[in-house]
$ cat run_28.pdb   # PDB, C-alpha atoms
ATOM      1  CA  MET A  26       2.687 -16.365   1.188  1.00  0.00           C
ATOM      2  CA  THR A  27       2.236 -12.893   2.634  1.00  0.00           C
ATOM      3  CA  THR A  28       0.337 -10.044   1.032  1.00  0.00           C
ATOM      4  CA  ALA A  29       0.966  -6.451   2.058  1.00  0.00           C
ATOM      5  CA  ILE A  30      -1.995  -4.130   1.618  1.00  0.00           C
ATOM      6  CA  ASP A  31      -1.677  -0.586   0.298  1.00  0.00           C
ATOM      7  CA  THR A  32      -3.565   2.206   2.038  1.00  0.00           C
ATOM      8  CA  ASN A  33      -5.744   2.902  -0.994  1.00  0.00           C
ATOM      9  CA  VAL A  34      -7.282  -0.589  -0.901  1.00  0.00           C
ATOM     10  CA  ILE A  35      -8.440  -0.153   2.696  1.00  0.00           C
ATOM     11  CA  ILE A  36      -9.700   3.380   2.064  1.00  0.00           C
ATOM     12  CA  ALA A  37     -11.763   2.020  -0.863  1.00  0.00           C
ATOM     13  CA  LEU A  38     -13.217  -0.596   1.515  1.00  0.00           C
ATOM     14  CA  TRP A  39     -14.176   2.055   4.020  1.00  0.00           C
ATOM     15  CA  ASN A  40     -15.990   4.139   1.410  1.00  0.00           C
ATOM     16  CA  GLU A  41     -19.027   2.221   0.201  1.00  0.00           C
ATOM     17  CA  ASP A  42     -19.678   4.937  -2.406  1.00  0.00           C
ATOM     18  CA  ASP A  43     -16.242   4.410  -3.969  1.00  0.00           C
ATOM     19  CA  ALA A  44     -16.489   2.699  -7.371  1.00  0.00           C
ATOM     20  CA  LEU A  45     -13.602   0.432  -6.344  1.00  0.00           C
ATOM     21  CA  ASN A  46     -15.208  -0.700  -3.090  1.00  0.00           C
ATOM     22  CA  ARG A  47     -16.476  -4.041  -4.418  1.00  0.00           C
ATOM     23  CA  ARG A  48     -13.263  -4.758  -6.291  1.00  0.00           C
ATOM     24  CA  ALA A  49     -11.219  -4.061  -3.154  1.00  0.00           C
ATOM     25  CA  GLN A  50     -13.501  -6.313  -1.113  1.00  0.00           C
ATOM     26  CA  GLY A  51     -13.253  -9.072  -3.723  1.00  0.00           C
ATOM     27  CA  ALA A  52      -9.466  -8.853  -3.813  1.00  0.00           C
ATOM     28  CA  LEU A  53      -9.231  -9.134  -0.032  1.00  0.00           C
ATOM     29  CA  ASP A  54     -11.785 -11.956   0.061  1.00  0.00           C
ATOM     30  CA  ALA A  55      -9.633 -13.861  -2.450  1.00  0.00           C
ATOM     31  CA  VAL A  56      -6.638 -13.921  -0.085  1.00  0.00           C
ATOM     32  CA  PHE A  57      -8.355 -13.870   3.320  1.00  0.00           C
ATOM     33  CA  GLY A  58      -7.682 -17.050   5.253  1.00  0.00           C
ATOM     34  CA  ARG A  59      -5.200 -18.298   2.655  1.00  0.00           C
ATOM     35  CA  GLU A  60      -2.426 -15.789   3.101  1.00  0.00           C
ATOM     36  CA  ARG A  61      -0.938 -13.735   5.874  1.00  0.00           C
ATOM     37  CA  LEU A  62      -2.111 -10.121   5.529  1.00  0.00           C
ATOM     38  CA  VAL A  63       0.047  -7.224   6.682  1.00  0.00           C
ATOM     39  CA  ILE A  64       0.357  -3.481   6.438  1.00  0.00           C
ATOM     40  CA  ALA A  65       3.477  -1.399   6.859  1.00  0.00           C
ATOM     41  CA  GLY A  66       3.564   1.061   9.742  1.00  0.00           C
ATOM     42  CA  VAL A  67       3.310   3.916   7.258  1.00  0.00           C
ATOM     43  CA  VAL A  68      -0.021   2.475   6.033  1.00  0.00           C
ATOM     44  CA  TYR A  69      -1.246   2.466   9.627  1.00  0.00           C
ATOM     45  CA  ALA A  70      -0.288   6.141   9.926  1.00  0.00           C
ATOM     46  CA  GLU A  71      -2.125   7.004   6.704  1.00  0.00           C
ATOM     47  CA  LEU A  72      -5.212   5.089   7.874  1.00  0.00           C
ATOM     48  CA  LEU A  73      -5.176   6.924  11.174  1.00  0.00           C
ATOM     49  CA  ALA A  74      -4.979  10.225   9.276  1.00  0.00           C
ATOM     50  CA  ALA A  75      -8.183   9.429   7.343  1.00  0.00           C
ATOM     51  CA  PRO A  76     -11.052  11.753   8.262  1.00  0.00           C
ATOM     52  CA  ALA A  77     -13.250  10.538  11.134  1.00  0.00           C
ATOM     53  CA  ARG A  78     -11.071   7.473  11.823  1.00  0.00           C
ATOM     54  CA  THR A  79      -9.905   6.928  15.361  1.00  0.00           C
ATOM     55  CA  GLU A  80      -7.148   4.674  16.570  1.00  0.00           C
ATOM     56  CA  ALA A  81      -9.791   2.393  18.090  1.00  0.00           C
ATOM     57  CA  PHE A  82     -11.564   2.152  14.718  1.00  0.00           C
ATOM     58  CA  VAL A  83      -8.337   1.313  12.866  1.00  0.00           C
ATOM     59  CA  GLU A  84      -7.300  -1.252  15.489  1.00  0.00           C
ATOM     60  CA  ARG A  85     -10.712  -2.932  15.397  1.00  0.00           C
ATOM     61  CA  PHE A  86     -10.702  -3.055  11.585  1.00  0.00           C
ATOM     62  CA  LEU A  87      -7.238  -4.633  11.491  1.00  0.00           C
ATOM     63  CA  GLN A  88      -8.082  -7.136  14.215  1.00  0.00           C
ATOM     64  CA  GLU A  89     -11.346  -8.194  12.551  1.00  0.00           C
ATOM     65  CA  GLY A  90      -9.577  -8.485   9.199  1.00  0.00           C
ATOM     66  CA  GLU A  91      -6.698 -10.439  10.730  1.00  0.00           C
ATOM     67  CA  ILE A  92      -4.265  -7.875   9.344  1.00  0.00           C
ATOM     68  CA  GLU A  93      -0.957  -7.465  11.157  1.00  0.00           C
ATOM     69  CA  THR A  94       0.980  -4.215  11.336  1.00  0.00           C
ATOM     70  CA  GLU A  95       4.724  -4.380  10.764  1.00  0.00           C
ATOM     71  CA  TRP A  96       6.155  -1.296  12.410  1.00  0.00           C
ATOM     72  CA  GLU A  97       9.826  -1.654  11.534  1.00  0.00           C
ATOM     73  CA  ILE A  98      11.294   0.317   8.671  1.00  0.00           C
ATOM     74  CA  ASN A  99      14.946  -0.550   8.196  1.00  0.00           C
ATOM     75  CA  GLU A 100      17.849   1.025   6.352  1.00  0.00           C
ATOM     76  CA  ARG A 101      17.389  -1.077   3.196  1.00  0.00           C
ATOM     77  CA  MET A 102      13.745  -0.021   2.960  1.00  0.00           C
ATOM     78  CA  LEU A 103      14.611   3.633   3.430  1.00  0.00           C
ATOM     79  CA  ARG A 104      17.346   3.506   0.797  1.00  0.00           C
ATOM     80  CA  ALA A 105      15.079   1.676  -1.675  1.00  0.00           C
ATOM     81  CA  ALA A 106      12.247   4.148  -1.077  1.00  0.00           C
ATOM     82  CA  GLY A 107      14.546   7.139  -1.568  1.00  0.00           C
ATOM     83  CA  ALA A 108      15.984   5.751  -4.800  1.00  0.00           C
ATOM     84  CA  ALA A 109      12.531   4.855  -6.144  1.00  0.00           C
ATOM     85  CA  PHE A 110      11.178   8.301  -5.284  1.00  0.00           C
ATOM     86  CA  ARG A 111      14.127   9.927  -7.039  1.00  0.00           C
ATOM     87  CA  GLY A 112      13.409   7.811 -10.138  1.00  0.00           C
ATOM     88  CA  TYR A 113       9.745   8.800 -10.004  1.00  0.00           C
ATOM     89  CA  ALA A 114      10.636  12.504  -9.740  1.00  0.00           C
ATOM     90  CA  GLU A 115      12.989  12.212 -12.715  1.00  0.00           C
ATOM     91  CA  ARG A 116      10.339  10.410 -14.816  1.00  0.00           C
ATOM     92  CA  ARG A 117       7.745  13.008 -13.855  1.00  0.00           C
ATOM     93  CA  ARG A 118      10.021  15.888 -14.905  1.00  0.00           C
ATOM     94  CA  ARG A 119      10.895  14.227 -18.232  1.00  0.00           C
ATOM     95  CA  GLN A 120       7.373  13.187 -19.154  1.00  0.00           C
ATOM     96  CA  ARG A 121       5.542  16.269 -17.892  1.00  0.00           C
ATOM     97  CA  VAL A 122       2.452  14.132 -17.424  1.00  0.00           C
ATOM     98  CA  ALA A 123      -0.433  15.415 -15.344  1.00  0.00           C
ATOM     99  CA  GLU A 124      -0.588  12.376 -13.092  1.00  0.00           C
ATOM    100  CA  PRO A 125      -1.315  12.502  -9.383  1.00  0.00           C
ATOM    101  CA  ARG A 126       1.641  13.683  -7.361  1.00  0.00           C
ATOM    102  CA  ARG A 127       3.090  10.963  -5.167  1.00  0.00           C
ATOM    103  CA  ILE A 128       4.512  11.259  -1.691  1.00  0.00           C
ATOM    104  CA  LEU A 129       7.418   9.426  -0.115  1.00  0.00           C
ATOM    105  CA  ALA A 130       5.016   7.284   1.946  1.00  0.00           C
ATOM    106  CA  ASP A 131       3.919   5.500  -1.265  1.00  0.00           C
ATOM    107  CA  PHE A 132       7.507   4.480  -1.915  1.00  0.00           C
ATOM    108  CA  LEU A 133       8.015   3.317   1.673  1.00  0.00           C
ATOM    109  CA  ILE A 134       4.997   1.030   1.249  1.00  0.00           C
ATOM    110  CA  GLY A 135       6.503  -0.461  -1.909  1.00  0.00           C
ATOM    111  CA  ALA A 136       9.956  -0.782  -0.363  1.00  0.00           C
ATOM    112  CA  HIS A 137       8.498  -2.581   2.661  1.00  0.00           C
ATOM    113  CA  ALA A 138       6.779  -5.170   0.445  1.00  0.00           C
ATOM    114  CA  LEU A 139       9.821  -5.561  -1.813  1.00  0.00           C
ATOM    115  CA  GLN A 140      12.375  -5.994   0.970  1.00  0.00           C
ATOM    116  CA  ARG A 141      10.175  -8.488   2.820  1.00  0.00           C
ATOM    117  CA  GLU A 142       9.445 -10.336  -0.449  1.00  0.00           C
ATOM    118  CA  TYR A 143       5.681  -9.877  -0.065  1.00  0.00           C
ATOM    119  CA  ARG A 144       3.083  -9.366  -2.739  1.00  0.00           C
ATOM    120  CA  LEU A 145       1.516  -5.893  -2.710  1.00  0.00           C
ATOM    121  CA  LEU A 146      -2.240  -5.485  -3.096  1.00  0.00           C
ATOM    122  CA  THR A 147      -2.834  -1.994  -4.513  1.00  0.00           C
ATOM    123  CA  LEU A 148      -4.911   0.236  -6.742  1.00  0.00           C
ATOM    124  CA  ASP A 149      -1.714   1.906  -8.016  1.00  0.00           C
ATOM    125  CA  THR A 150      -0.229  -0.897 -10.102  1.00  0.00           C
ATOM    126  CA  GLY A 151       1.386   1.387 -12.692  1.00  0.00           C
ATOM    127  CA  MET A 152       3.225   3.517 -10.149  1.00  0.00           C
ATOM    128  CA  TYR A 153       4.559   0.511  -8.254  1.00  0.00           C
ATOM    129  CA  ARG A 154       5.585  -1.340 -11.438  1.00  0.00           C
ATOM    130  CA  ALA A 155       7.567   1.690 -12.589  1.00  0.00           C
ATOM    131  CA  ALA A 156       9.162   2.226  -9.172  1.00  0.00           C
ATOM    132  CA  TYR A 157       9.806  -1.434  -8.285  1.00  0.00           C
ATOM    133  CA  PRO A 158       9.882  -3.636 -11.410  1.00  0.00           C
ATOM    134  CA  GLN A 159      10.749  -6.740  -9.375  1.00  0.00           C
ATOM    135  CA  LEU A 160       7.899  -6.294  -6.864  1.00  0.00           C
ATOM    136  CA  LYS A 161       5.063  -8.826  -7.048  1.00  0.00           C
ATOM    137  CA  ILE A 162       1.935  -6.721  -7.499  1.00  0.00           C
ATOM    138  CA  VAL A 163      -1.705  -7.722  -7.231  1.00  0.00           C
ATOM    139  CA  GLY A 164      -3.911  -5.085  -8.792  1.00  0.00           C
ATOM    140  CA  VAL A 165      -7.412  -4.325  -7.619  1.00  0.00           C
TER
END

$ encode --input "run_28.pdb" --output "structure tokens"
Amino acid sequence: MTTAIDTNVIIALWNEDDALNRRAQGALDAVFGRERLVIAGVVYAELLAAPARTEAFVERFLQEGEIETEWEINERMLRAAGAAFRGYAERRRRQRVAEPRRILADFLIGAHALQREYRLLTLDTGMYRAAYPQLKIVGV
């Protein structure tokens, strides 16, 4: 089995002061060595955009964690991400809930995992369940 990792899980790992740091570490420890770990290219881009993180740092982290980067985003993923984002925007307008605003990158991450039939390890279980009901989600 393959588990795709959401950006927020890795960011929580990098921030030892984050309340979710230990939970993120425990979730990764539970699958390390038993499953193939991957990130989508968009996750790599978000990691590289994190403050004070260089490409060398990100590469070293991924190599040490035995996490592969899958760079390809295909047409099916793009279509699924666009449709899921549209659904999210419609739900947000109807519900008028003060939840964090999402960006298209979140939906590309979900579409990548869904189209490849991977599980997704994330802190955002509710958002991904609403956007991709058939996606296998592992919450942190």

$ resolve_selection --input "run_28.pdb" --expression "the PyMOL selection byres ((chain A and resi 142-154) around 7)" --output "list of chain:residue names"
A:Thr27, A:Thr28, A:Ala29, A:Ile30, A:Asp31, A:Asn33, A:Val34, A:Gly135, A:Ala138, A:Leu139, A:Gln140, A:Arg141, A:Ala155, A:Ala156, A:Tyr157, A:Pro158, A:Lys161, A:Ile162, A:Val163, A:Gly164, A:Val165

$ closest_residue --input "run_28.pdb" --among "A:Ala55, A:Leu62, A:Ala130, A:Ala75" --to "A:Phe110" --atoms "all atoms listed in the file"
A:Ala130

$ atom_distance --input "run_28.pdb" --atom1 "atom CA of A:Glu97" --atom2 "atom CA of A:Gly66"
7.1 Å

$ atom_distance --input "run_28.pdb" --atom1 "atom CA of A:Gly107" --atom2 "atom CA of A:Leu160"
15.9 Å

$ atom_distance --input "run_28.pdb" --atom1 "atom CA of A:Pro125" --atom2 "atom CA of A:Ile98"
25.2 Å

$ residues_around --input "run_28.pdb" --residues "A:Ala136" --least-positions-apart "4" --cutoff "8 Å" --atoms "all atoms listed in the file" --output "number ranges by chain"
A: 102-103, 105-106, 132, 140, 157

$ resolve_selection --input "run_28.pdb" --expression "the PyMOL selection byres ((chain A and resi 126) around 12)" --output "MDAnalysis selection string"
chainID A and resid 110 113:114 116:118 121:125 127:131 152

$ residues_near_point --input "run_28.pdb" --point "(-8.7, -13.2, 3.6)" --cutoff "12 Å" --atoms "all atoms listed in the file" --output "PyMOL selection string"
chain A and resi 27-30+49-63+87+89-92

$ residues_around --input "run_28.pdb" --residues "A:Ile36" --least-positions-apart "2" --cutoff "12 Å" --atoms "all atoms listed in the file" --output "compact mmCIF listing (two decimals) with C-alpha atoms, keeping the file's coordinate frame"
# COMPACT_ATOMS: atom_id res chain seq x y z
CA ILE A 30 -2.00 -4.13 1.62
CA ASP A 31 -1.68 -0.59 0.30
CA THR A 32 -3.56 2.21 2.04
CA ASN A 33 -5.74 2.90 -0.99
CA VAL A 34 -7.28 -0.59 -0.90
CA LEU A 38 -13.22 -0.60 1.52
CA TRP A 39 -14.18 2.06 4.02
CA ASN A 40 -15.99 4.14 1.41
CA GLU A 41 -19.03 2.22 0.20
CA ASP A 42 -19.68 4.94 -2.41
CA ASP A 43 -16.24 4.41 -3.97
CA ALA A 44 -16.49 2.70 -7.37
CA LEU A 45 -13.60 0.43 -6.34
CA ASN A 46 -15.21 -0.70 -3.09
CA ARG A 47 -16.48 -4.04 -4.42
CA ALA A 49 -11.22 -4.06 -3.15
CA GLN A 50 -13.50 -6.31 -1.11
CA VAL A 68 -0.02 2.48 6.03
CA TYR A 69 -1.25 2.47 9.63
CA GLU A 71 -2.12 7.00 6.70
CA LEU A 72 -5.21 5.09 7.87
CA LEU A 73 -5.18 6.92 11.17
CA ALA A 74 -4.98 10.22 9.28
CA ALA A 75 -8.18 9.43 7.34
CA PRO A 76 -11.05 11.75 8.26
CA ARG A 78 -11.07 7.47 11.82
CA VAL A 83 -8.34 1.31 12.87
CA PHE A 86 -10.70 -3.06 11.58
CA THR A 147 -2.83 -1.99 -4.51
CA LEU A 148 -4.91 0.24 -6.74

$ decode --input "run_28.pdb" --residues "stretch 63-89 of chain A" --atoms "N, CA and C atoms" --output "PDB file, in the first residue's frame"
ATOM      1  N   VAL A  63       4.793   8.784  -0.220  1.00  0.00           N
ATOM      2  CA  VAL A  63       4.977   9.704  -1.337  1.00  0.00           C
ATOM      3  C   VAL A  63       4.380  11.064  -0.988  1.00  0.00           C
ATOM      4  N   ILE A  64       4.826  12.053  -1.718  1.00  0.00           N
ATOM      5  CA  ILE A  64       4.180  13.361  -1.733  1.00  0.00           C
ATOM      6  C   ILE A  64       3.951  13.739  -3.186  1.00  0.00           C
ATOM      7  N   ALA A  65       2.915  14.515  -3.409  1.00  0.00           N
ATOM      8  CA  ALA A  65       2.669  15.073  -4.738  1.00  0.00           C
ATOM      9  C   ALA A  65       3.633  16.235  -4.955  1.00  0.00           C
ATOM     10  N   GLY A  66       3.897  16.548  -6.200  1.00  0.00           N
ATOM     11  CA  GLY A  66       4.778  17.672  -6.517  1.00  0.00           C
ATOM     12  C   GLY A  66       4.316  18.975  -5.895  1.00  0.00           C
ATOM     13  N   VAL A  67       3.010  19.156  -5.788  1.00  0.00           N
ATOM     14  CA  VAL A  67       2.485  20.383  -5.185  1.00  0.00           C
ATOM     15  C   VAL A  67       2.835  20.442  -3.695  1.00  0.00           C
ATOM     16  N   VAL A  68       2.918  19.307  -3.023  1.00  0.00           N
ATOM     17  CA  VAL A  68       3.355  19.284  -1.620  1.00  0.00           C
ATOM     18  C   VAL A  68       4.814  19.723  -1.543  1.00  0.00           C
ATOM     19  N   TYR A  69       5.620  19.222  -2.456  1.00  0.00           N
ATOM     20  CA  TYR A  69       7.033  19.636  -2.495  1.00  0.00           C
ATOM     21  C   TYR A  69       7.126  21.162  -2.621  1.00  0.00           C
ATOM     22  N   ALA A  70       6.338  21.729  -3.521  1.00  0.00           N
ATOM     23  CA  ALA A  70       6.365  23.181  -3.723  1.00  0.00           C
ATOM     24  C   ALA A  70       5.960  23.918  -2.447  1.00  0.00           C
ATOM     25  N   GLU A  71       4.930  23.417  -1.766  1.00  0.00           N
ATOM     26  CA  GLU A  71       4.503  24.065  -0.522  1.00  0.00           C
ATOM     27  C   GLU A  71       5.579  23.932   0.555  1.00  0.00           C
ATOM     28  N   LEU A  72       6.249  22.788   0.623  1.00  0.00           N
ATOM     29  CA  LEU A  72       7.323  22.610   1.599  1.00  0.00           C
ATOM     30  C   LEU A  72       8.476  23.565   1.323  1.00  0.00           C
ATOM     31  N   LEU A  73       8.794  23.724   0.062  1.00  0.00           N
ATOM     32  CA  LEU A  73       9.883  24.620  -0.315  1.00  0.00           C
ATOM     33  C   LEU A  73       9.528  26.073   0.000  1.00  0.00           C
ATOM     34  N   ALA A  74       8.252  26.393   0.001  1.00  0.00           N
ATOM     35  CA  ALA A  74       7.799  27.754   0.294  1.00  0.00           C
ATOM     36  C   ALA A  74       7.777  28.058   1.792  1.00  0.00           C
ATOM     37  N   ALA A  75       7.941  27.029   2.631  1.00  0.00           N
ATOM     38  CA  ALA A  75       7.930  27.236   4.082  1.00  0.00           C
ATOM     39  C   ALA A  75       9.098  28.137   4.483  1.00  0.00           C
ATOM     40  N   PRO A  76       8.867  29.026   5.430  1.00  0.00           N
ATOM     41  CA  PRO A  76       9.941  29.940   5.851  1.00  0.00           C
ATOM     42  C   PRO A  76      11.193  29.190   6.297  1.00  0.00           C
ATOM     43  N   ALA A  77      12.334  29.682   5.869  1.00  0.00           N
ATOM     44  CA  ALA A  77      13.654  29.172   6.266  1.00  0.00           C
ATOM     45  C   ALA A  77      13.919  27.734   5.804  1.00  0.00           C
ATOM     46  N   ARG A  78      13.218  27.259   4.799  1.00  0.00           N
ATOM     47  CA  ARG A  78      13.448  25.913   4.278  1.00  0.00           C
ATOM     48  C   ARG A  78      14.071  26.026   2.888  1.00  0.00           C
ATOM     49  N   THR A  79      15.212  25.427   2.739  1.00  0.00           N
ATOM     50  CA  THR A  79      15.891  25.443   1.451  1.00  0.00           C
ATOM     51  C   THR A  79      15.586  24.155   0.699  1.00  0.00           C
ATOM     52  N   GLU A  80      15.906  24.159  -0.567  1.00  0.00           N
ATOM     53  CA  GLU A  80      15.730  22.950  -1.359  1.00  0.00           C
ATOM     54  C   GLU A  80      16.579  21.812  -0.802  1.00  0.00           C
ATOM     55  N   ALA A  81      17.780  22.128  -0.357  1.00  0.00           N
ATOM     56  CA  ALA A  81      18.657  21.099   0.225  1.00  0.00           C
ATOM     57  C   ALA A  81      18.022  20.508   1.487  1.00  0.00           C
ATOM     58  N   PHE A  82      17.427  21.350   2.320  1.00  0.00           N
ATOM     59  CA  PHE A  82      16.760  20.872   3.531  1.00  0.00           C
ATOM     60  C   PHE A  82      15.609  19.930   3.187  1.00  0.00           C
ATOM     61  N   VAL A  83      14.757  20.356   2.246  1.00  0.00           N
ATOM     62  CA  VAL A  83      13.606  19.542   1.851  1.00  0.00           C
ATOM     63  C   VAL A  83      14.075  18.214   1.264  1.00  0.00           C
ATOM     64  N   GLU A  84      15.052  18.256   0.380  1.00  0.00           N
ATOM     65  CA  GLU A  84      15.574  17.031  -0.237  1.00  0.00           C
ATOM     66  C   GLU A  84      16.139  16.073   0.813  1.00  0.00           C
ATOM     67  N   ARG A  85      16.886  16.606   1.764  1.00  0.00           N
ATOM     68  CA  ARG A  85      17.471  15.772   2.811  1.00  0.00           C
ATOM     69  C   ARG A  85      16.372  15.141   3.677  1.00  0.00           C
ATOM     70  N   PHE A  86      15.372  15.937   4.037  1.00  0.00           N
ATOM     71  CA  PHE A  86      14.259  15.422   4.837  1.00  0.00           C
ATOM     72  C   PHE A  86      13.555  14.272   4.110  1.00  0.00           C
ATOM     73  N   LEU A  87      13.254  14.470   2.847  1.00  0.00           N
ATOM     74  CA  LEU A  87      12.550  13.435   2.073  1.00  0.00           C
ATOM     75  C   LEU A  87      13.405  12.181   1.927  1.00  0.00           C
ATOM     76  N   GLN A  88      14.687  12.369   1.669  1.00  0.00           N
ATOM     77  CA  GLN A  88      15.579  11.219   1.515  1.00  0.00           C
ATOM     78  C   GLN A  88      15.687  10.440   2.825  1.00  0.00           C
ATOM     79  N   GLU A  89      15.880  11.133   3.926  1.00  0.00           N
ATOM     80  CA  GLU A  89      15.998  10.465   5.230  1.00  0.00           C
ATOM     81  C   GLU A  89      14.694   9.776   5.620  1.00  0.00           C
TER      82      GLU A  89
END
